[in-house]
Each structure stands twice: as C-alpha cells, then as structure tokens.
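Accompanying notes for the structure given below.
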Amino acid sequence: MIKPKHLQKGDKIATISLSWGGAGDLLYRYNIAKERISQLGFEIVEMEHTLKGGKFIYDNPKKRAQDLMNAFKDPTIKAIIACIGGDDSTRILPYINFETITNNPKIFVGFSDSTTTHFICQQAGITSFYGPSVLTDFGQNVEMFDYTINWFEKALCQTEPIGEIANSDVWTSQFLDWFNPDNQTTNRKLEPHNGYELLQGTGIARGHLIGGCLESLENLKGTTLWNRDKWKDAIIFFETCETKTPPDLLIHWLRNYATQGILQNAKGIIWGKPYDNLYYEEYKTIIEKVIKHEEKLDIPILYNMNFGHTSPIITIPYGVEAEINCEKKTFSILESGVQ
C-alpha cells in the first residue's frame, strides 16, 4: 500500500459529496464545519459539484466520480474529506479510473458509506482513513470534540506510529435535527464511556487494518472491489450505522463472512459502539454465537470502541499494522498511515 504524504499547516483540503448531497442543502452547517477545518490550519476548497444539493448529487453519480478523479489529479490538493456518507456510493464505481488514484496518492477521509471510496483507494493501492466527515464531526453542535481532533491530526499530520488509542471518556449519538439551525447551538447529551470490552481472545494479535460500516460493506460484496485476499491476516474493524441494524440481520451478515472464510483468516476484530447503544448486548450475543460457538474461533475481539457513527471518534488508516493486547484490553496502531 502506498502511504500518502502527511498533511502540513496551510495545505489545501477538498470537500466532496460522493453519496448524499446534504452539504448543499445544509449550507449553514457546512460553513461552520469549513471554518473549523480552516481553524486547524488548512485551506478548504469545494469540488465542482460538492454543494449542488441532494437531488443533483443523487441524479449524477458520474459527476460525483468526476469530482473524486479531479481531486486526486489536482496537485494543489493534499487531502479529500467526504462531506457525509449516504447509501449509494456504489453507483460511482463504473466511472472510477483506478490509475488516476494510484498515480496521485493523497489522503482520503470519511466514514459510513465512504467505505466504498476506501475500498476504491485500497484497490488502487493507497492507504485511506476511516475518520471524521465534514457535516457530522467537523460540523458538531457547539464545538468539535478534542478527542476527534487529536486522533485526526495524529493520523494525518504525523509520520510517527499512531500508538495506543485509549477510549474517550464520553460518547453520544443523540441526533438533533440538522434542518433546524437553532439546534446547532445545543449540545448533544453526553454519556460516560465505560471502556473497551474484551469479548474473547488471549495474548497479542497483530494484523493490517481493513473494514468499515457493515451496511455499506453489504453493498460491496460481489463487486470488483471485493477481494477476500485483502482480509487475510487482518485486524478487522466493524461498526453499524444509524439505521440500527436489527440483530436477526446482523447474524446473517456475520455468517456470510464466515462462509467466505474471512473470519477464519482474521487475526482479530475491533467493533464500534452501536448507535444509541441499542442492541449492545444483543450484538455481543450474536458475535459470540457465530464466531465462538458456530465457527469455534478464539480470535481476539475488542468491543465498544470509538469509531464510526457515535461521537467522538478516532481515525483509522487502512492497511497499516495494528495490535490488540488482550491482557491489557488495549488497541494500538503500530505505524503511521502517512509518510
């Protein structure tokens, strides 16, 4: 995997709409997020169609892909951040030129349905970053979480190993209607975070990182981006989205990963906190049923982690070496995702 060049203050970052076009419909929130990224020391630019709005973005997957290709080709742009996820990033696949990405490696950041773009980057051979999106994390009500900023900057701006990642002290997934601007000045309710939970495993497990949002990964199965060899000897990261996938669906998805041999060839799994903490115990029961009882695997599984659809979050680089220490119940990223 080619590691992109690290970010430096003053670098130009492009924002992009690759799935839902909400940035154009929620300009007040977008502009707040843009200002906050600028305050971190970066110059923000939009791609041609970033702010065209939900209907235009939905109707024009080819133009979304063109924006992505143009962002990679532009030598003045050093990083690309998704405005938000959505549910149909796979519609851009016919219009992707993988050589363009390979020949112009740079940072791409996003989560949720950005999982598709991460797998595009992976096929092109470059490291990308499962991390904050513009409208969600940078547009966070009242102010950003220091925890999110810290791990964003550590993952993208430093060439030293990222190191051990402790859990956040607090978490939230409370949703306050974005289409009511008055909510922007209201803090979401914070809950105490009870730490990581080791569901099973012993010793120390190491492997390269791969994974994403389970709902979006379902859309990738069977496409040209789905390469089972990429999952071998990996530490897999899984999380579920705000649709709050019911347990009886999750069990089928996990069994599919077992059918493909992906679980059997993994070194370990880290699992994000469920949205609203709904199905927290039910998900644990299903993970144990499929992985421990049905497949009889003792791979380490660290649960209740800060990435994905709850806040605040860490930034995870694809393809780099990571470690689960079962005795200490810790997770560490052993190298940098940038050069």
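Residues in the structure tokens are named by chain (A, B, ... in the order shown) and by number from 1 within that chain; ligands are numbered from 1 in the order shown.
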
For this session: Please identify which residues in stretch 98-223 of chain A DSSP calls strand (DSSP E or B) from the backbone, and express them as a ChimeraX atom specification.
Result: /A:107-110,126,129-130,163-164,170-172,191-192,197-200,204-213

Problem set entry | DSSP-assigned helix (DSSP H, G or I) members of stretch 166-219 of chain A, reported as a PyMOL selection string | chain A and resi 181-185+214-219

Please dump the current selection as a PDB file, in the first residue's frame; keep N, CA, C and O atoms.
ATOM      1  N   PRO A 181     -31.642  25.111  12.249  1.00  0.00           N
ATOM      2  CA  PRO A 181     -30.358  25.723  12.623  1.00  0.00           C
ATOM      3  C   PRO A 181     -30.242  26.067  14.100  1.00  0.00           C
ATOM      4  O   PRO A 181     -29.125  26.139  14.628  1.00  0.00           O
ATOM      5  N   ASP A 182     -31.363  26.254  14.778  1.00  0.00           N
ATOM      6  CA  ASP A 182     -31.305  26.562  16.203  1.00  0.00           C
ATOM      7  C   ASP A 182     -30.646  25.437  17.008  1.00  0.00           C
ATOM      8  O   ASP A 182     -30.056  25.677  18.063  1.00  0.00           O
ATOM      9  N   ASN A 183     -30.746  24.209  16.496  1.00  0.00           N
ATOM     10  CA  ASN A 183     -30.153  23.077  17.197  1.00  0.00           C
ATOM     11  C   ASN A 183     -28.626  23.111  17.204  1.00  0.00           C
ATOM     12  O   ASN A 183     -27.988  22.434  18.017  1.00  0.00           O
ATOM     13  N   GLN A 184     -28.065  23.893  16.283  1.00  0.00           N
ATOM     14  CA  GLN A 184     -26.607  23.933  16.179  1.00  0.00           C
ATOM     15  C   GLN A 184     -25.961  24.478  17.462  1.00  0.00           C
ATOM     16  O   GLN A 184     -24.810  24.170  17.765  1.00  0.00           O
ATOM     17  N   THR A 185     -26.696  25.256  18.210  1.00  0.00           N
ATOM     18  CA  THR A 185     -26.151  25.848  19.437  1.00  0.00           C
ATOM     19  C   THR A 185     -26.529  25.057  20.685  1.00  0.00           C
ATOM     20  O   THR A 185     -26.330  25.520  21.808  1.00  0.00           O
ATOM     21  N   LEU A 214     -20.757  -1.882   8.289  1.00  0.00           N
ATOM     22  CA  LEU A 214     -21.287  -3.169   7.839  1.00  0.00           C
ATOM     23  C   LEU A 214     -22.375  -3.020   6.784  1.00  0.00           C
ATOM     24  O   LEU A 214     -22.439  -3.798   5.830  1.00  0.00           O
ATOM     25  N   GLU A 215     -23.242  -2.013   6.947  1.00  0.00           N
ATOM     26  CA  GLU A 215     -24.314  -1.819   5.964  1.00  0.00           C
ATOM     27  C   GLU A 215     -23.747  -1.492   4.585  1.00  0.00           C
ATOM     28  O   GLU A 215     -24.235  -1.987   3.561  1.00  0.00           O
ATOM     29  N   SER A 216     -22.701  -0.670   4.536  1.00  0.00           N
ATOM     30  CA  SER A 216     -22.081  -0.317   3.254  1.00  0.00           C
ATOM     31  C   SER A 216     -21.276  -1.474   2.691  1.00  0.00           C
ATOM     32  O   SER A 216     -21.232  -1.681   1.469  1.00  0.00           O
ATOM     33  N   LEU A 217     -20.645  -2.241   3.554  1.00  0.00           N
ATOM     34  CA  LEU A 217     -19.894  -3.407   3.091  1.00  0.00           C
ATOM     35  C   LEU A 217     -20.807  -4.414   2.400  1.00  0.00           C
ATOM     36  O   LEU A 217     -20.383  -5.111   1.461  1.00  0.00           O
ATOM     37  N   GLU A 218     -22.071  -4.490   2.847  1.00  0.00           N
ATOM     38  CA  GLU A 218     -23.010  -5.387   2.174  1.00  0.00           C
ATOM     39  C   GLU A 218     -23.197  -5.008   0.707  1.00  0.00           C
ATOM     40  O   GLU A 218     -23.388  -5.872  -0.148  1.00  0.00           O
ATOM     41  N   ASN A 219     -23.128  -3.703   0.412  1.00  0.00           N
ATOM     42  CA  ASN A 219     -23.279  -3.249  -0.974  1.00  0.00           C
ATOM     43  C   ASN A 219     -22.072  -3.580  -1.835  1.00  0.00           C
ATOM     44  O   ASN A 219     -22.144  -3.529  -3.065  1.00  0.00           O
TER      45      ASN A 219
END

Seminar exercise, completed: Closest of A:His6, A:Arg29, A:Lys328, A:Lys230 to A:Glu143, counting only C-alpha atoms, is A:Arg29

For this session: Could you check which of A:Gly21, A:Pro75, A:Pro246, A:Gly201 is closest to A:Tyr280, using only C-alpha atoms?
Result: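 Among A:Gly21, A:Pro75, A:Pro246, A:Gly201, it is A:Pro246 that comes nearest to A:Tyr280.
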
Exercise. What lies within 12 Å of A:Ser89 using only C-alpha atoms, ignoring chain neighbours under 4 positions off, as a ChimeraX atom specification?
Worked result: /A:17-21,57-58,60-62,64-65,68,82,84-85,93-96,111-120,215-217,219-220

With N, CA, C and O atoms retained, export the selected residues as a short mmCIF file (atom, residue, chain, number, x, y, z; two decimals), in the first residue's frame.
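What landed in selection_0.cif:
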data_model
loop_
_atom_site.label_atom_id
_atom_site.label_comp_id
_atom_site.auth_asym_id
_atom_site.auth_seq_id
_atom_site.Cartn_x
_atom_site.Cartn_y
_atom_site.Cartn_z
N SER A 17 -18.83 15.50 -2.17
CA SER A 17 -20.09 14.79 -1.92
C SER A 17 -20.14 13.56 -2.83
O SER A 17 -20.31 13.68 -4.03
N LEU A 18 -19.97 12.39 -2.23
CA LEU A 18 -19.89 11.15 -3.00
C LEU A 18 -21.10 10.25 -2.84
O LEU A 18 -21.23 9.26 -3.54
N SER A 19 -21.99 10.60 -1.92
CA SER A 19 -23.16 9.77 -1.68
C SER A 19 -24.39 10.65 -1.49
O SER A 19 -25.09 10.95 -2.44
N TRP A 20 -24.65 11.13 -0.28
CA TRP A 20 -25.75 12.08 -0.06
C TRP A 20 -25.22 13.49 -0.27
O TRP A 20 -24.13 13.84 0.17
N GLY A 21 -26.03 14.34 -0.91
CA GLY A 21 -25.60 15.70 -1.20
C GLY A 21 -26.04 16.72 -0.18
O GLY A 21 -26.30 17.89 -0.50
N ILE A 57 -26.92 15.55 -6.62
CA ILE A 57 -25.92 14.54 -6.31
C ILE A 57 -26.50 13.14 -6.54
O ILE A 57 -25.83 12.26 -7.11
N TYR A 58 -27.73 12.92 -6.14
CA TYR A 58 -28.35 11.61 -6.36
C TYR A 58 -28.48 11.31 -7.85
O TYR A 58 -28.19 10.19 -8.30
N ASN A 60 -26.71 12.30 -10.31
CA ASN A 60 -25.49 12.38 -11.12
C ASN A 60 -24.30 11.66 -10.50
O ASN A 60 -23.28 12.27 -10.14
N PRO A 61 -24.36 10.33 -10.41
CA PRO A 61 -23.21 9.60 -9.87
C PRO A 61 -21.94 9.78 -10.70
O PRO A 61 -20.83 9.75 -10.15
N LYS A 62 -22.08 9.97 -11.99
CA LYS A 62 -20.89 10.17 -12.84
C LYS A 62 -20.17 11.46 -12.46
O LYS A 62 -18.92 11.51 -12.43
N ARG A 64 -20.23 12.87 -9.51
CA ARG A 64 -19.59 12.61 -8.22
C ARG A 64 -18.21 11.97 -8.44
O ARG A 64 -17.22 12.37 -7.84
N ALA A 65 -18.19 10.96 -9.32
CA ALA A 65 -16.93 10.28 -9.61
C ALA A 65 -15.93 11.23 -10.26
O ALA A 65 -14.73 11.18 -9.97
N LEU A 68 -14.23 13.21 -7.68
CA LEU A 68 -13.20 12.43 -6.99
C LEU A 68 -11.94 12.32 -7.85
O LEU A 68 -10.83 12.52 -7.36
N ALA A 82 -14.78 13.58 2.83
CA ALA A 82 -16.18 13.42 2.45
C ALA A 82 -17.06 14.33 3.30
O ALA A 82 -16.87 14.43 4.51
N ILE A 84 -20.20 13.77 3.90
CA ILE A 84 -21.03 12.87 4.70
C ILE A 84 -21.15 11.57 3.93
O ILE A 84 -20.72 11.48 2.77
N GLY A 85 -21.73 10.57 4.57
CA GLY A 85 -21.96 9.30 3.90
C GLY A 85 -23.27 9.33 3.11
O GLY A 85 -23.57 10.30 2.43
N LEU A 93 -19.00 3.56 -9.08
CA LEU A 93 -17.96 2.60 -9.47
C LEU A 93 -17.69 2.52 -10.97
O LEU A 93 -16.53 2.42 -11.38
N PRO A 94 -18.72 2.58 -11.83
CA PRO A 94 -18.42 2.46 -13.27
C PRO A 94 -17.57 3.61 -13.82
O PRO A 94 -17.02 3.49 -14.93
N TYR A 95 -17.44 4.68 -13.07
CA TYR A 95 -16.78 5.87 -13.59
C TYR A 95 -15.41 6.14 -12.93
O TYR A 95 -14.83 7.21 -13.11
N ILE A 96 -14.91 5.16 -12.20
CA ILE A 96 -13.66 5.34 -11.48
C ILE A 96 -12.47 4.91 -12.34
O ILE A 96 -12.49 3.82 -12.94
N PHE A 111 -16.30 8.25 6.70
CA PHE A 111 -16.78 7.01 7.29
C PHE A 111 -18.15 6.69 6.72
O PHE A 111 -18.62 7.33 5.78
N SER A 112 -18.80 5.67 7.25
CA SER A 112 -20.13 5.26 6.81
C SER A 112 -20.08 4.80 5.36
O SER A 112 -19.29 3.93 5.00
N ASP A 113 -20.89 5.41 4.47
CA ASP A 113 -20.91 4.99 3.07
C ASP A 113 -19.63 5.34 2.33
O ASP A 113 -19.41 4.89 1.21
N SER A 114 -18.76 6.14 2.95
CA SER A 114 -17.42 6.36 2.39
C SER A 114 -16.61 5.07 2.39
O SER A 114 -15.53 5.02 1.78
N THR A 115 -17.11 4.03 3.05
CA THR A 115 -16.48 2.72 2.98
C THR A 115 -16.21 2.32 1.53
O THR A 115 -15.17 1.75 1.21
N THR A 116 -17.15 2.64 0.64
CA THR A 116 -16.95 2.33 -0.79
C THR A 116 -15.71 3.01 -1.33
O THR A 116 -14.89 2.39 -2.01
N THR A 117 -15.55 4.29 -1.03
CA THR A 117 -14.38 5.02 -1.54
C THR A 117 -13.10 4.49 -0.92
O THR A 117 -12.05 4.45 -1.56
N HIS A 118 -13.16 4.06 0.33
CA HIS A 118 -11.98 3.44 0.94
C HIS A 118 -11.58 2.17 0.19
O HIS A 118 -10.38 1.91 -0.01
N PHE A 119 -12.55 1.39 -0.22
CA PHE A 119 -12.23 0.17 -0.96
C PHE A 119 -11.76 0.49 -2.38
O PHE A 119 -10.98 -0.26 -2.96
N ILE A 120 -12.22 1.61 -2.93
CA ILE A 120 -11.67 2.09 -4.20
C ILE A 120 -10.19 2.42 -4.02
O ILE A 120 -9.33 2.02 -4.82
N GLU A 215 -23.24 -2.01 6.95
CA GLU A 215 -24.31 -1.82 5.96
C GLU A 215 -23.75 -1.49 4.58
O GLU A 215 -24.24 -1.99 3.56
N SER A 216 -22.70 -0.67 4.54
CA SER A 216 -22.08 -0.32 3.25
C SER A 216 -21.28 -1.47 2.69
O SER A 216 -21.23 -1.68 1.47
N LEU A 217 -20.64 -2.24 3.55
CA LEU A 217 -19.89 -3.41 3.09
C LEU A 217 -20.81 -4.41 2.40
O LEU A 217 -20.38 -5.11 1.46
N ASN A 219 -23.13 -3.70 0.41
CA ASN A 219 -23.28 -3.25 -0.97
C ASN A 219 -22.07 -3.58 -1.84
O ASN A 219 -22.14 -3.53 -3.06
N LEU A 220 -20.94 -3.89 -1.20
CA LEU A 220 -19.71 -4.15 -1.94
C LEU A 220 -19.50 -5.62 -2.27
O LEU A 220 -18.72 -5.95 -3.18
#

For this session: Would you please work out which residue, of A:His293, A:Lys189, A:Arg206, A:Lys273, is nearest to A:Asn306 when using only C-alpha atoms?
Result: A:Lys273

Give me, as an mmCIF file with N, CA, C and O atoms, in the first residue's frame, all polymer residues having an atom no more than 9 Å from A:Ile313, counting only C-alpha atoms and skipping those fewer than 3 positions away in the same chain.
data_model
loop_
_atom_site.group_PDB
_atom_site.id
_atom_site.type_symbol
_atom_site.label_atom_id
_atom_site.label_comp_id
_atom_site.auth_asym_id
_atom_site.auth_seq_id
_atom_site.Cartn_x
_atom_site.Cartn_y
_atom_site.Cartn_z
ATOM 1 N N GLY A 131 -12.460 8.018 9.131
ATOM 2 C CA GLY A 131 -12.462 9.054 10.148
ATOM 3 C C GLY A 131 -13.543 10.086 9.918
ATOM 4 O O GLY A 131 -14.523 9.843 9.201
ATOM 5 N N PRO A 132 -13.398 11.258 10.497
ATOM 6 C CA PRO A 132 -14.471 12.249 10.535
ATOM 7 C C PRO A 132 -14.901 12.762 9.168
ATOM 8 O O PRO A 132 -14.081 12.902 8.258
ATOM 9 N N ASP A 137 -18.782 15.397 12.061
ATOM 10 C CA ASP A 137 -17.804 15.636 13.129
ATOM 11 C C ASP A 137 -17.268 17.063 13.134
ATOM 12 O O ASP A 137 -17.193 17.691 14.191
ATOM 13 N N PHE A 145 -15.219 17.811 19.269
ATOM 14 C CA PHE A 145 -14.611 17.063 20.355
ATOM 15 C C PHE A 145 -13.091 17.098 20.214
ATOM 16 O O PHE A 145 -12.545 16.809 19.145
ATOM 17 N N TYR A 147 -11.109 14.982 21.387
ATOM 18 C CA TYR A 147 -10.712 13.594 21.120
ATOM 19 C C TYR A 147 -10.667 13.336 19.614
ATOM 20 O O TYR A 147 -9.704 12.752 19.093
ATOM 21 N N THR A 148 -11.690 13.788 18.892
ATOM 22 C CA THR A 148 -11.734 13.601 17.440
ATOM 23 C C THR A 148 -10.606 14.364 16.760
ATOM 24 O O THR A 148 -9.929 13.836 15.866
ATOM 25 N N ILE A 149 -10.398 15.614 17.169
ATOM 26 C CA ILE A 149 -9.332 16.433 16.575
ATOM 27 C C ILE A 149 -7.968 15.792 16.813
ATOM 28 O O ILE A 149 -7.130 15.706 15.904
ATOM 29 N N TRP A 151 -7.016 12.637 17.312
ATOM 30 C CA TRP A 151 -6.694 11.445 16.532
ATOM 31 C C TRP A 151 -6.711 11.722 15.042
ATOM 32 O O TRP A 151 -6.007 11.044 14.263
ATOM 33 N N PHE A 152 -7.481 12.714 14.605
ATOM 34 C CA PHE A 152 -7.434 13.154 13.207
ATOM 35 C C PHE A 152 -6.042 13.699 12.883
ATOM 36 O O PHE A 152 -5.417 13.313 11.891
ATOM 37 N N SER A 168 -12.477 7.221 24.602
ATOM 38 C CA SER A 168 -12.945 8.524 25.050
ATOM 39 C C SER A 168 -13.651 8.384 26.396
ATOM 40 O O SER A 168 -14.217 7.330 26.704
ATOM 41 N N TRP A 171 -19.380 9.666 25.292
ATOM 42 C CA TRP A 171 -19.848 9.356 23.949
ATOM 43 C C TRP A 171 -21.264 9.904 23.786
ATOM 44 O O TRP A 171 -21.972 10.174 24.756
ATOM 45 N N MET A 305 -15.852 0.356 20.864
ATOM 46 C CA MET A 305 -14.788 1.295 20.547
ATOM 47 C C MET A 305 -15.316 2.564 19.892
ATOM 48 O O MET A 305 -16.444 2.617 19.392
ATOM 49 N N ASN A 306 -14.487 3.608 19.897
ATOM 50 C CA ASN A 306 -14.889 4.937 19.428
ATOM 51 C C ASN A 306 -14.524 5.154 17.962
ATOM 52 O O ASN A 306 -13.546 5.814 17.637
ATOM 53 N N PHE A 307 -15.311 4.592 17.066
ATOM 54 C CA PHE A 307 -15.182 4.933 15.655
ATOM 55 C C PHE A 307 -16.526 4.712 14.985
ATOM 56 O O PHE A 307 -17.361 3.965 15.471
ATOM 57 N N GLY A 308 -16.731 5.442 13.891
ATOM 58 C CA GLY A 308 -17.973 5.273 13.146
ATOM 59 C C GLY A 308 -19.061 6.262 13.511
ATOM 60 O O GLY A 308 -18.831 7.464 13.552
ATOM 61 N N HIS A 309 -20.246 5.760 13.836
ATOM 62 C CA HIS A 309 -21.446 6.592 13.901
ATOM 63 C C HIS A 309 -21.754 7.182 15.266
ATOM 64 O O HIS A 309 -22.749 7.894 15.411
ATOM 65 N N THR A 310 -20.960 6.875 16.298
ATOM 66 C CA THR A 310 -21.105 7.602 17.550
ATOM 67 C C THR A 310 -19.995 8.649 17.628
ATOM 68 O O THR A 310 -19.069 8.639 16.836
#

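From atom CA of A:Lys296 back to atom CA of A:Ala234, the distance works out to 18.1 Å.
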
Exercise. Between A:Gly41, A:Gly163, A:Gly10, A:Gly53, which one has atoms that come closest to A:Leu27, using only C-alpha atoms?
Worked result: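 Among the listed residues, A:Gly53 lies closest to A:Leu27.
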
Seminar exercise, completed: A:Ile44 proximity check over A:Ile301, A:Ser173, A:Thr15, A:Ala258, using only C-alpha atoms: winner is A:Thr15

Exercise. Counting only C-alpha atoms, what is within 9 Å of A:Tyr283, bar same-chain residues fewer than 3 positions away, as a ChimeraX atom specification?
Worked result: /A:246-247,250-251,274,279-280,286-288

For this session: Excluding A:Cys121 and any residue of its chain fewer than 2 positions from it, enumerate the residues within 12 Å of it, using only C-alpha atoms, and give them as a PyMOL selection string.
Result: chain A and resi 1-4+68-69+72+80+93+96-109+114-119+123-130+210+225+317-319

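Between atom CA of A:Glu164 and atom CA of A:Ile316 the separation is 12.2 Å.
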
Problem set entry | One-decimal distance in Å that lies between atom CA of A:Asn304 and atom CA of A:Asp169 | 12.3 Å

Exercise. Hey, which of A:Asn277, A:Asn227, A:Thr50, A:Asn167 ends up closest to A:Tyr196? Count only C-alpha atoms.
Worked result: A:Asn167

Could you pull the residues within 10 Å of A:Gln200, counting only C-alpha atoms, minus those fewer than 3 positions along the same chain, as a tab-separated table (two decimals) with C-alpha atoms, in the first residue's frame?
chain	number	residue	atom	x	y	z
A	197	GLU	CA	-14.78	-4.72	26.41
A	268	GLY	CA	-8.71	-10.13	15.39
A	288	GLU	CA	-20.26	-14.91	20.33
A	291	ILE	CA	-17.58	-16.64	15.96
A	292	LYS	CA	-17.11	-18.65	19.15
A	297	LEU	CA	-12.71	-19.30	16.68
A	298	ASP	CA	-10.77	-17.75	19.56
A	299	ILE	CA	-9.60	-14.63	17.74
A	300	PRO	CA	-9.43	-11.51	19.95
A	301	ILE	CA	-12.49	-9.26	19.75
A	302	LEU	CA	-12.42	-5.80	21.33
A	303	TYR	CA	-15.87	-4.22	21.59
A	326	CYS	CA	-5.99	-8.98	25.29
